[in-house]
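Colleague: See target_12.cif below, with mmCIF, C-alpha atoms and all ligand atoms.
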data_input
#
loop_
_atom_site.label_atom_id
_atom_site.label_comp_id
_atom_site.auth_asym_id
_atom_site.auth_seq_id
_atom_site.Cartn_x
_atom_site.Cartn_y
_atom_site.Cartn_z
CA MET A 17 0.00 0.00 0.00
CA THR A 18 1.49 3.37 -0.94
CA GLU A 19 -0.48 5.14 1.75
CA GLN A 20 0.09 3.62 5.16
CA ALA A 21 -3.09 2.31 6.78
CA THR A 22 -3.16 3.73 10.29
CA THR A 23 -6.01 1.65 11.55
CA GLN A 24 -4.28 -0.97 13.62
CA GLN A 25 -6.03 -1.72 16.90
CA ALA A 26 -3.87 -4.35 18.48
CA VAL A 27 -5.64 -4.54 21.81
CA ALA A 28 -8.79 -6.61 22.08
CA ASP A 29 -10.76 -5.76 25.20
CA PRO A 30 -12.10 -9.11 26.44
CA SER A 31 -14.33 -7.38 28.99
CA GLY A 32 -16.38 -5.40 26.43
CA GLU A 33 -20.10 -6.02 26.05
CA VAL A 34 -20.97 -8.68 23.45
CA LEU A 35 -23.00 -7.26 20.53
CA LEU A 36 -23.13 -10.36 18.34
CA ARG A 37 -23.09 -13.98 19.46
CA VAL A 38 -23.08 -16.80 16.90
CA GLU A 39 -23.64 -20.25 18.44
CA ASN A 40 -23.01 -23.47 16.58
CA VAL A 41 -24.37 -22.07 13.30
CA VAL A 42 -24.79 -24.52 10.44
CA LYS A 43 -25.73 -23.57 6.88
CA TYR A 44 -26.15 -26.34 4.30
CA PHE A 45 -27.33 -25.79 0.73
CA PRO A 46 -29.19 -28.93 -0.45
CA LEU A 47 -28.28 -30.12 -3.94
CA LYS A 48 -30.91 -30.95 -6.52
CA SER A 49 -30.99 -34.53 -7.75
CA THR A 50 -30.08 -35.06 -11.38
CA ARG A 51 -32.69 -37.86 -11.53
CA LEU A 52 -36.37 -37.11 -12.11
CA PHE A 53 -38.66 -37.60 -9.04
CA GLN A 54 -35.71 -38.42 -6.82
CA ARG A 55 -34.52 -36.26 -3.94
CA SER A 56 -30.83 -35.72 -3.44
CA HIS A 57 -29.53 -36.18 0.10
CA GLU A 58 -26.35 -34.33 -0.73
CA ALA A 59 -25.69 -30.77 0.41
CA VAL A 60 -22.94 -28.18 0.31
CA HIS A 61 -21.68 -27.87 3.90
CA ALA A 62 -20.91 -24.15 3.62
CA VAL A 63 -20.85 -23.38 7.36
CA ASP A 64 -20.61 -26.25 9.82
CA GLY A 65 -20.93 -25.48 13.52
CA VAL A 66 -19.39 -22.01 13.85
CA SER A 67 -19.45 -20.12 17.16
CA LEU A 68 -18.16 -16.54 17.56
CA GLU A 69 -18.60 -13.41 19.62
CA VAL A 70 -18.07 -9.79 18.60
CA ARG A 71 -17.82 -7.11 21.27
CA LYS A 72 -19.22 -3.59 20.96
CA GLY A 73 -16.92 -1.11 19.22
CA GLN A 74 -14.50 -3.85 18.12
CA THR A 75 -13.67 -5.58 14.84
CA LEU A 76 -13.59 -9.29 14.25
CA GLY A 77 -11.60 -10.22 11.14
CA LEU A 78 -12.80 -13.34 9.32
CA VAL A 79 -10.14 -14.85 7.08
CA GLY A 80 -9.87 -17.82 4.74
CA GLU A 81 -9.56 -18.93 1.14
CA THR A 82 -12.37 -18.51 -1.37
CA GLY A 83 -15.08 -21.06 -0.61
CA CYS A 84 -14.25 -21.45 3.11
CA GLY A 85 -17.74 -20.21 4.10
CA LYS A 86 -16.91 -16.74 5.42
CA SER A 87 -19.28 -14.87 3.10
CA THR A 88 -22.06 -17.41 3.73
CA LEU A 89 -21.62 -16.90 7.46
CA ALA A 90 -21.78 -13.12 6.94
CA ARG A 91 -25.05 -13.49 5.04
CA CYS A 92 -26.46 -15.68 7.81
CA ILE A 93 -25.61 -12.98 10.37
CA ALA A 94 -27.24 -10.31 8.19
CA LYS A 95 -30.26 -12.63 7.82
CA LEU A 96 -29.92 -12.70 4.04
CA TYR A 97 -29.85 -16.50 4.49
CA ASP A 98 -31.77 -18.54 7.06
CA VAL A 99 -29.50 -20.84 9.04
CA THR A 100 -29.96 -24.62 8.90
CA SER A 101 -29.43 -24.79 12.67
CA GLY A 102 -27.77 -22.83 15.47
CA LYS A 103 -28.48 -19.49 17.07
CA ILE A 104 -27.62 -15.84 16.35
CA THR A 105 -28.09 -13.29 19.13
CA PHE A 106 -27.80 -9.59 18.29
CA ASP A 107 -27.69 -7.01 21.09
CA GLY A 108 -29.40 -9.43 23.48
CA THR A 109 -32.16 -10.57 21.07
CA ASP A 110 -32.30 -13.98 19.43
CA ILE A 111 -32.78 -13.01 15.76
CA THR A 112 -32.31 -16.52 14.33
CA ARG A 113 -35.90 -17.16 13.39
CA LEU A 114 -37.50 -13.70 13.47
CA SER A 115 -40.16 -13.08 10.82
CA ALA A 116 -39.43 -10.45 8.14
CA HIS A 117 -41.74 -8.04 10.00
CA ARG A 118 -40.07 -8.51 13.41
CA MET A 119 -36.62 -8.39 11.78
CA ARG A 120 -37.31 -4.96 10.24
CA PRO A 121 -35.91 -2.79 13.08
CA PHE A 122 -32.79 -4.96 13.20
CA ARG A 123 -32.23 -4.52 9.45
CA ARG A 124 -31.37 -0.88 10.15
CA GLU A 125 -28.87 -1.90 12.80
CA ILE A 126 -27.05 -4.60 10.81
CA GLN A 127 -25.70 -3.36 7.49
CA MET A 128 -23.38 -4.79 4.85
CA ILE A 129 -20.69 -3.29 2.66
CA PHE A 130 -20.04 -5.43 -0.39
CA GLN A 131 -16.86 -6.31 -2.20
CA ASP A 132 -17.50 -4.96 -5.64
CA PRO A 133 -18.09 -1.19 -5.70
CA TYR A 134 -18.69 -1.45 -9.46
CA GLY A 135 -21.28 -4.21 -9.42
CA SER A 136 -23.16 -3.18 -6.27
CA LEU A 137 -24.26 0.24 -7.60
CA ASN A 138 -26.91 0.67 -10.28
CA PRO A 139 -25.14 2.62 -13.06
CA ARG A 140 -28.41 4.26 -14.21
CA ARG A 141 -29.24 5.84 -10.87
CA ARG A 142 -27.83 9.05 -9.43
CA VAL A 143 -25.64 8.73 -6.38
CA GLY A 144 -27.95 10.83 -4.19
CA SER A 145 -30.79 8.46 -4.95
CA ILE A 146 -28.64 5.35 -4.25
CA ILE A 147 -27.41 6.62 -0.88
CA GLY A 148 -30.95 7.76 -0.01
CA ASP A 149 -32.42 4.27 -0.61
CA PRO A 150 -32.58 3.30 3.10
CA PHE A 151 -34.56 6.48 3.92
CA ALA A 152 -36.99 5.68 1.10
CA ILE A 153 -37.34 1.98 2.00
CA HIS A 154 -37.94 2.68 5.69
CA ARG A 155 -39.96 5.85 4.89
CA THR A 156 -38.05 7.97 7.35
CA ALA A 157 -37.19 11.00 5.19
CA SER A 158 -38.25 12.42 1.84
CA GLY A 159 -37.75 15.52 -0.35
CA GLN A 160 -35.34 18.15 0.95
CA GLU A 161 -34.90 16.37 4.30
CA ARG A 162 -33.68 13.21 2.50
CA LYS A 163 -31.32 15.28 0.34
CA ARG A 164 -29.92 17.04 3.43
CA ARG A 165 -29.28 13.70 5.17
CA VAL A 166 -27.70 12.13 2.07
CA GLN A 167 -25.37 15.11 1.64
CA HIS A 168 -24.38 14.83 5.30
CA LEU A 169 -23.52 11.15 4.73
CA MET A 170 -21.50 12.06 1.62
CA GLU A 171 -19.50 14.54 3.67
CA LEU A 172 -18.99 11.95 6.43
CA VAL A 173 -17.32 9.52 4.03
CA GLY A 174 -15.22 12.15 2.24
CA LEU A 175 -17.36 12.67 -0.88
CA ASN A 176 -18.23 16.11 -2.24
CA PRO A 177 -21.95 16.68 -1.42
CA GLU A 178 -22.25 18.77 -4.59
CA HIS A 179 -21.80 15.53 -6.57
CA TYR A 180 -25.25 14.42 -5.36
CA ASN A 181 -26.65 14.26 -8.91
CA ARG A 182 -23.74 12.43 -10.54
CA PHE A 183 -23.83 8.82 -11.77
CA PRO A 184 -21.58 6.05 -10.35
CA ALA A 185 -19.50 5.98 -13.55
CA GLU A 186 -18.34 9.53 -12.77
CA PHE A 187 -16.59 8.31 -9.59
CA SER A 188 -13.33 6.40 -9.13
CA GLY A 189 -13.22 2.88 -7.59
CA GLY A 190 -12.36 4.22 -4.12
CA GLN A 191 -15.10 6.85 -4.32
CA ARG A 192 -17.62 4.19 -5.33
CA GLN A 193 -16.71 2.16 -2.26
CA ARG A 194 -17.27 5.35 -0.22
CA ILE A 195 -20.77 5.50 -1.74
CA GLY A 196 -21.36 1.94 -0.46
CA VAL A 197 -20.09 2.96 2.99
CA ALA A 198 -22.36 6.05 3.03
CA ARG A 199 -25.40 3.92 2.17
CA ALA A 200 -24.56 1.47 4.98
CA LEU A 201 -24.29 4.37 7.47
CA ALA A 202 -27.75 5.82 6.78
CA PHE A 203 -29.19 4.77 10.15
CA THR A 204 -25.91 4.71 12.08
CA PRO A 205 -26.05 0.91 12.44
CA LYS A 206 -24.57 -0.90 15.40
CA LEU A 207 -22.95 -3.61 13.28
CA ILE A 208 -21.46 -3.39 9.78
CA ILE A 209 -20.41 -6.55 7.96
CA CYS A 210 -17.67 -5.61 5.52
CA ASP A 211 -17.48 -8.40 2.92
CA GLU A 212 -14.03 -8.02 1.32
CA PRO A 213 -14.53 -4.23 0.99
CA VAL A 214 -11.05 -3.50 -0.38
CA SER A 215 -10.13 -6.59 -2.38
CA ALA A 216 -11.44 -5.14 -5.68
CA LEU A 217 -9.51 -1.88 -5.19
CA ASP A 218 -6.01 -0.85 -6.21
CA VAL A 219 -3.55 -1.19 -3.36
CA SER A 220 -3.05 2.59 -3.36
CA ILE A 221 -6.76 3.06 -2.56
CA GLN A 222 -7.08 0.23 -0.05
CA ALA A 223 -5.38 2.14 2.77
CA GLN A 224 -7.70 5.13 2.28
CA ILE A 225 -10.79 2.96 2.69
CA LEU A 226 -9.32 1.10 5.68
CA ASN A 227 -8.50 4.42 7.35
CA LEU A 228 -12.00 5.72 6.61
CA LEU A 229 -13.58 2.63 8.20
CA SER A 230 -11.36 3.04 11.25
CA ASP A 231 -12.19 6.74 11.65
CA LEU A 232 -15.90 6.01 11.36
CA GLN A 233 -15.61 3.24 13.94
CA ARG A 234 -13.90 5.60 16.39
CA ASP A 235 -16.31 8.51 15.78
CA LEU A 236 -19.58 6.55 15.61
CA GLY A 237 -18.80 3.60 17.92
CA LEU A 238 -19.37 1.06 15.13
CA THR A 239 -18.74 -2.67 15.41
CA TYR A 240 -17.39 -4.52 12.38
CA VAL A 241 -17.15 -8.05 11.09
CA PHE A 242 -14.41 -7.63 8.48
CA ILE A 243 -14.05 -10.39 5.89
CA ALA A 244 -10.88 -10.76 3.84
CA HIS A 245 -8.61 -13.39 2.40
CA ASP A 246 -5.52 -11.28 3.12
CA LEU A 247 -4.26 -11.52 6.70
CA SER A 248 -2.19 -8.34 6.38
CA VAL A 249 -5.34 -6.31 5.61
CA VAL A 250 -7.17 -7.90 8.53
CA ARG A 251 -4.26 -7.13 10.84
CA HIS A 252 -4.70 -3.41 10.21
CA VAL A 253 -8.36 -3.27 11.13
CA SER A 254 -9.12 -6.07 13.59
CA ASN A 255 -9.01 -6.62 17.31
CA ARG A 256 -9.57 -10.36 16.95
CA VAL A 257 -9.22 -12.73 14.01
CA ALA A 258 -11.01 -15.98 13.21
CA VAL A 259 -9.51 -18.18 10.50
CA MET A 260 -12.03 -20.35 8.62
CA TYR A 261 -11.32 -23.53 6.68
CA LEU A 262 -13.97 -25.53 4.86
CA GLY A 263 -16.91 -24.24 6.92
CA LYS A 264 -15.26 -24.42 10.34
CA ILE A 265 -13.18 -22.12 12.55
CA ALA A 266 -9.58 -23.35 12.50
CA GLU A 267 -8.21 -20.76 14.93
CA GLU A 268 -9.35 -17.63 16.79
CA ALA A 269 -7.27 -15.16 18.78
CA ALA A 270 -6.40 -11.51 19.37
CA VAL A 271 -4.81 -10.24 16.18
CA GLU A 272 -1.23 -9.75 17.40
CA ASP A 273 -1.30 -13.01 19.35
CA MET A 274 -2.25 -14.92 16.20
CA TRP A 275 0.26 -13.00 14.10
CA HIS A 276 3.18 -13.94 16.35
CA HIS A 277 2.02 -17.32 17.71
CA PRO A 278 -0.10 -19.14 15.08
CA ARG A 279 -1.09 -22.58 16.38
CA HIS A 280 -3.00 -24.05 13.44
CA PRO A 281 -0.86 -25.17 10.46
CA TYR A 282 -3.37 -23.51 8.10
CA THR A 283 -2.94 -20.13 9.85
CA ASP A 284 0.82 -20.63 9.68
CA ALA A 285 0.57 -21.29 5.93
CA LEU A 286 -1.57 -18.16 5.39
CA LEU A 287 0.91 -16.06 7.38
CA SER A 288 3.83 -17.42 5.38
CA ALA A 289 2.18 -16.01 2.23
CA VAL A 290 1.81 -12.45 3.61
CA PRO A 291 4.15 -10.05 1.74
CA LEU A 292 6.88 -8.57 3.96
CA PRO A 293 8.12 -4.99 3.46
CA ASP A 294 11.72 -5.94 4.39
CA PRO A 295 13.25 -7.82 1.39
CA ASP A 296 16.00 -9.45 3.55
CA HIS A 297 13.43 -10.79 5.97
CA ALA A 298 11.25 -11.95 3.06
CA LEU A 299 14.18 -13.89 1.55
CA GLN A 300 14.88 -15.68 4.84
CA ARG A 301 11.30 -16.78 5.37
CA GLU A 302 10.12 -20.22 4.18
CA ARG A 303 6.85 -20.12 2.27
CA ILE A 304 4.61 -23.04 3.28
CA ILE A 305 3.14 -24.60 0.14
CA LEU A 306 -0.03 -26.54 0.86
CA ALA A 307 -0.62 -29.81 -1.01
CA GLY A 308 -3.63 -30.09 -3.33
CA ASP A 309 -6.78 -28.00 -3.60
CA VAL A 310 -9.46 -27.22 -1.04
CA PRO A 311 -11.58 -30.41 -0.84
CA SER A 312 -15.23 -30.37 -1.84
CA PRO A 313 -17.61 -28.98 0.81
CA ILE A 314 -20.17 -31.56 -0.38
CA ASN A 315 -18.15 -34.43 1.08
CA PRO A 316 -15.67 -32.90 3.55
CA PRO A 317 -12.72 -35.04 4.76
CA SER A 318 -13.11 -37.09 7.94
CA GLY A 319 -11.52 -36.04 11.24
CA CYS A 320 -9.69 -32.75 10.79
CA ARG A 321 -10.89 -31.25 7.50
CA PHE A 322 -7.44 -29.84 6.84
CA HIS A 323 -5.65 -33.21 7.04
CA PRO A 324 -5.37 -33.90 3.27
CA ARG A 325 -3.29 -30.71 2.91
CA CYS A 326 -1.61 -30.48 6.29
CA PRO A 327 2.18 -30.92 6.50
CA LYS A 328 1.80 -32.15 10.11
CA ALA A 329 -1.02 -34.67 9.55
CA ARG A 330 -0.94 -37.92 11.57
CA GLN A 331 -3.28 -40.88 11.70
CA ASP A 332 -5.27 -39.31 14.58
CA CYS A 333 -6.10 -36.36 12.33
CA VAL A 334 -7.92 -38.65 9.85
CA VAL A 335 -10.12 -40.13 12.56
CA THR A 336 -10.77 -37.56 15.28
CA VAL A 337 -12.27 -34.10 14.83
CA PRO A 338 -10.06 -31.65 16.77
CA GLU A 339 -11.80 -29.45 19.29
CA LEU A 340 -11.44 -25.66 19.16
CA ALA A 341 -9.52 -25.19 22.41
CA PRO A 342 -6.48 -23.40 23.91
CA ARG A 343 -3.23 -25.16 22.90
CA LEU A 344 0.36 -25.18 24.24
CA GLY A 345 -0.55 -23.24 27.36
CA ASP A 346 -2.34 -20.38 25.54
CA GLY A 347 -5.05 -18.48 27.40
CA ALA A 348 -8.76 -19.14 26.91
CA ASP A 349 -8.97 -16.36 24.28
CA HIS A 350 -6.58 -18.10 21.87
CA VAL A 351 -8.13 -21.30 20.54
CA ALA A 352 -7.15 -23.63 17.71
CA ALA A 353 -8.69 -26.80 16.26
CA CYS A 354 -5.54 -28.92 15.94
CA HIS A 355 -4.22 -32.11 17.59
CA PHE A 356 -0.58 -31.22 16.86
CA PRO A 357 -0.38 -27.41 17.10
CA VAL A 358 2.52 -25.34 15.78
CA GLU A 359 5.11 -24.51 18.44
CA ASP A 360 6.68 -21.03 18.56
CA GLY A 361 9.63 -20.98 16.15
CA GLU A 362 8.69 -24.32 14.51
CA ASP A 363 9.17 -24.48 10.73
CA ILE A 364 6.33 -26.67 9.48
CA SER A 365 7.57 -26.47 5.88
CA LEU A 366 10.10 -29.12 7.06
CA SER A 367 7.36 -31.43 8.41
CA LYS A 368 6.51 -34.64 6.59
CA PRO A 369 2.96 -35.94 6.98
CA ALA A 370 2.84 -39.31 8.77
CA ILE A 371 -0.03 -40.67 6.68
CA ALA A 372 0.14 -42.19 3.23
CA ALA A 373 -0.18 -39.89 0.23
CA ASP A 374 -2.87 -42.24 -1.21
CA GLN A 375 -4.96 -41.89 1.87
CA ARG A 376 -4.67 -38.11 1.78
CA VAL A 377 -5.86 -38.05 -1.82
CA ILE A 378 -8.78 -40.39 -1.06
CA GLU A 379 -9.73 -38.42 2.03
CA SER A 380 -9.67 -35.16 0.08
CA GLY A 381 -12.24 -36.62 -2.32
CA LEU A 382 -9.92 -36.03 -5.28
CA ILE A 383 -10.44 -39.58 -6.58
CA ALA A 384 -13.77 -39.88 -8.35
CA GLY A 385 -16.31 -42.01 -6.52
CA THR A 386 -14.67 -41.78 -3.11
FE1 LIG B 401 -2.91 -30.79 10.74
FE2 LIG B 401 -3.72 -32.75 12.31
FE3 LIG B 401 -3.70 -30.26 13.20
FE4 LIG B 401 -5.48 -31.01 11.40
S1 LIG B 401 -5.33 -31.77 13.49
S2 LIG B 401 -4.30 -29.18 11.38
S3 LIG B 401 -4.29 -32.43 10.16
S4 LIG B 401 -1.92 -31.51 12.61
#
Output the file's structure as structure tokens, nothing else.
Modeller:
Amino acid sequence: MTEQATTQQAVADPSGEVLLRVENVVKYFPLKSTRLFQRSHEAVHAVDGVSLEVRKGQTLGLVGETGCGKSTLARCIAKLYDVTSGKITFDGTDITRLSAHRMRPFRREIQMIFQDPYGSLNPRRRVGSIIGDPFAIHRTASGQERKRRVQHLMELVGLNPEHYNRFPAEFSGGQRQRIGVARALAFTPKLIICDEPVSALDVSIQAQILNLLSDLQRDLGLTYVFIAHDLSVVRHVSNRVAVMYLGKIAEEAAVEDMWHHPRHPYTDALLSAVPLPDPDHALQRERIILAGDVPSPINPPSGCRFHPRCPKARQDCVVTVPELAPRLGDGADHVAACHFPVEDGEDISLSKPAIAADQRVIESGLIAGT
């Protein structure tokens, strides 16, 4: 990033009030049968028993590769998807199965910012009208009052209020993401779910948006769930980080604790891929190359889901699902789902898995019919 993001908040306050609690949430997408009059019993296991907490005024970073279930989880929290099972509590209210009518007040308080500032704005509508949508939908302001509030939001996110009548195409990528942020802020929500808000932007613009989100959090007391696949971006904005792999949480900890003491081999591999500003340091570091692709979420591997790709895999990993728990003497707020966690200073790129390559391929579902 050419402009330094100044948004780092290394300290997670474990005593803060919990705004969002996700308990054992499962989201499966049933597959249609290819045979006429026959039901398929197969499903995509997008999210499989995830539990999390987010405290007021803090940011939880949610990290993982494409297809790990982080965006599906975000949509479950925002109630864009109904969960298959589990419970979501927002500000003390169980919102898991609220009807559309009873969910309405909460819709103002939980907002989303989407990844693609190009695709998420209607190119035929003027920016003032796009940002004013929430006021129109909830019928809270019209005419000059709506215009005044929209222009205030534009100012808040660093847009020129005089550009109220312009079209999205007249704005740059970063400015378009600011339009998305302004729309999300219409009712000063308590929780904003940022779904990869900077990954479609040039690196030079990313820091500006991260700094904007941080300033807004400080000034308005916002709480964020920040989704990204890049751990270095998450480090700049998060208090805590949860790493997801194939629908499950692999590790969760305060951001600096995870950065310096990763316990799960998957977290270690993600960290080894983060670009380092110091070229000498970068040359010394071993990149951990994971074997194979992410297995299918339709038929996830037995035991630890990461075992077909894990450099430290042992026979136990194939059979027993590891619990998300403190490892190697860590405190209760640093948990990892791994039987053989990474020790401080250990180089897992030197590890050799103690299970047969054939078995790893079969377990990963890479052989047809397995
Ligand atoms: Fe690797 Fe085993 Fe830990 Fe899973 S439980 S991450 S396979 S060492």
Colleague: Counting all atoms listed in the file, which residue out of A:Asp246, A:Asp360, A:Asp110, A:Asp309 sits closest to A:Glu212?
Modeller: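 Comparing A:Asp246, A:Asp360, A:Asp110, A:Asp309 against A:Glu212, the winner is A:Asp246.
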Colleague: Name the closest residue to A:Val197 among the candidates A:Gly83, A:Pro357, A:Gly73, A:Gly174; distances are taken between atoms, counting all atoms listed in the file.
Modeller: A:Gly174
Colleague: Sorted by chain and rising residue number, list the residues of chain A at most 7 Å from ligand LIG 401 (chain B) (counting all atoms listed in the file), each with its closest atom pair and distance in Å to one decimal, as JSON lines.
Modeller:
{"residue": "A:His280", "atom": "CA", "partner": "B:LIG401", "partner_atom": "S2", "distance": 5.7}
{"residue": "A:Pro281", "atom": "CA", "partner": "B:LIG401", "partner_atom": "S2", "distance": 5.4}
{"residue": "A:Tyr282", "atom": "CA", "partner": "B:LIG401", "partner_atom": "S2", "distance": 6.6}
{"residue": "A:Cys320", "atom": "CA", "partner": "B:LIG401", "partner_atom": "FE4", "distance": 4.6}
{"residue": "A:Arg321", "atom": "CA", "partner": "B:LIG401", "partner_atom": "FE4", "distance": 6.7}
{"residue": "A:Phe322", "atom": "CA", "partner": "B:LIG401", "partner_atom": "FE4", "distance": 5.1}
{"residue": "A:His323", "atom": "CA", "partner": "B:LIG401", "partner_atom": "S3", "distance": 3.5}
{"residue": "A:Cys326", "atom": "CA", "partner": "B:LIG401", "partner_atom": "FE1", "distance": 4.6}
{"residue": "A:Pro327", "atom": "CA", "partner": "B:LIG401", "partner_atom": "FE1", "distance": 6.6}
{"residue": "A:Lys328", "atom": "CA", "partner": "B:LIG401", "partner_atom": "S4", "distance": 4.5}
{"residue": "A:Ala329", "atom": "CA", "partner": "B:LIG401", "partner_atom": "S3", "distance": 4.0}
{"residue": "A:Arg330", "atom": "CA", "partner": "B:LIG401", "partner_atom": "FE2", "distance": 5.9}
{"residue": "A:Cys333", "atom": "CA", "partner": "B:LIG401", "partner_atom": "FE2", "distance": 4.3}
{"residue": "A:Pro338", "atom": "CA", "partner": "B:LIG401", "partner_atom": "S1", "distance": 5.8}
{"residue": "A:Ala353", "atom": "CA", "partner": "B:LIG401", "partner_atom": "S1", "distance": 6.6}
{"residue": "A:Cys354", "atom": "CA", "partner": "B:LIG401", "partner_atom": "FE3", "distance": 3.6}
{"residue": "A:His355", "atom": "CA", "partner": "B:LIG401", "partner_atom": "S1", "distance": 4.3}
{"residue": "A:Phe356", "atom": "CA", "partner": "B:LIG401", "partner_atom": "S4", "distance": 4.5}
{"residue": "A:Pro357", "atom": "CA", "partner": "B:LIG401", "partner_atom": "FE3", "distance": 5.9}
Colleague: Could you tell me which of A:Gly65, A:Pro316, A:Pro205, A:Pro139 comes closest to A:Arg192 if we count all atoms listed in the file?
Modeller: A:Pro139
Colleague: Could you tell me which of A:Arg199, A:His277, A:Arg140, A:Lys264 comes closest to A:Glu339 if we count all atoms listed in the file?
Modeller: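 For A:Glu339, the nearest of the given residues is A:Lys264.
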Colleague: Any chance you could model N, CA and C atoms for stretch 193-208 of chain A and send them as a CSV table (one decimal), keeping the file's coordinate frame?
Modeller:
chain,number,residue,atom,x,y,z
A,193,GLN,N,-16.6,2.9,-3.5
A,193,GLN,CA,-16.7,2.2,-2.3
A,193,GLN,C,-17.2,3.1,-1.1
A,194,ARG,N,-16.8,4.4,-1.2
A,194,ARG,CA,-17.3,5.4,-0.2
A,194,ARG,C,-18.8,5.5,-0.3
A,195,ILE,N,-19.3,5.4,-1.6
A,195,ILE,CA,-20.8,5.5,-1.7
A,195,ILE,C,-21.4,4.3,-1.0
A,196,GLY,N,-20.8,3.1,-1.2
A,196,GLY,CA,-21.4,1.9,-0.5
A,196,GLY,C,-21.3,2.1,1.1
A,197,VAL,N,-20.2,2.7,1.5
A,197,VAL,CA,-20.1,3.0,3.0
A,197,VAL,C,-21.2,4.0,3.4
A,198,ALA,N,-21.4,5.0,2.7
A,198,ALA,CA,-22.4,6.0,3.0
A,198,ALA,C,-23.8,5.4,3.1
A,199,ARG,N,-24.1,4.6,2.2
A,199,ARG,CA,-25.4,3.9,2.2
A,199,ARG,C,-25.6,3.0,3.4
A,200,ALA,N,-24.5,2.3,3.8
A,200,ALA,CA,-24.6,1.5,5.0
A,200,ALA,C,-24.7,2.3,6.3
A,201,LEU,N,-24.3,3.6,6.2
A,201,LEU,CA,-24.3,4.4,7.5
A,201,LEU,C,-25.6,5.1,7.7
A,202,ALA,N,-26.5,5.0,6.8
A,202,ALA,CA,-27.8,5.8,6.8
A,202,ALA,C,-28.4,5.9,8.2
A,203,PHE,N,-28.5,4.8,8.8
A,203,PHE,CA,-29.2,4.8,10.2
A,203,PHE,C,-28.2,4.6,11.3
A,204,THR,N,-27.0,4.9,11.1
A,204,THR,CA,-25.9,4.7,12.1
A,204,THR,C,-26.1,3.3,12.7
A,205,PRO,N,-25.8,2.3,11.9
A,205,PRO,CA,-26.0,0.9,12.4
A,205,PRO,C,-25.1,0.6,13.6
A,206,LYS,N,-25.5,-0.5,14.3
A,206,LYS,CA,-24.6,-0.9,15.4
A,206,LYS,C,-23.5,-1.8,14.8
A,207,LEU,N,-23.9,-2.6,13.8
A,207,LEU,CA,-23.0,-3.6,13.3
A,207,LEU,C,-22.9,-3.5,11.8
A,208,ILE,N,-21.6,-3.4,11.2
A,208,ILE,CA,-21.5,-3.4,9.8
A,208,ILE,C,-20.6,-4.6,9.4
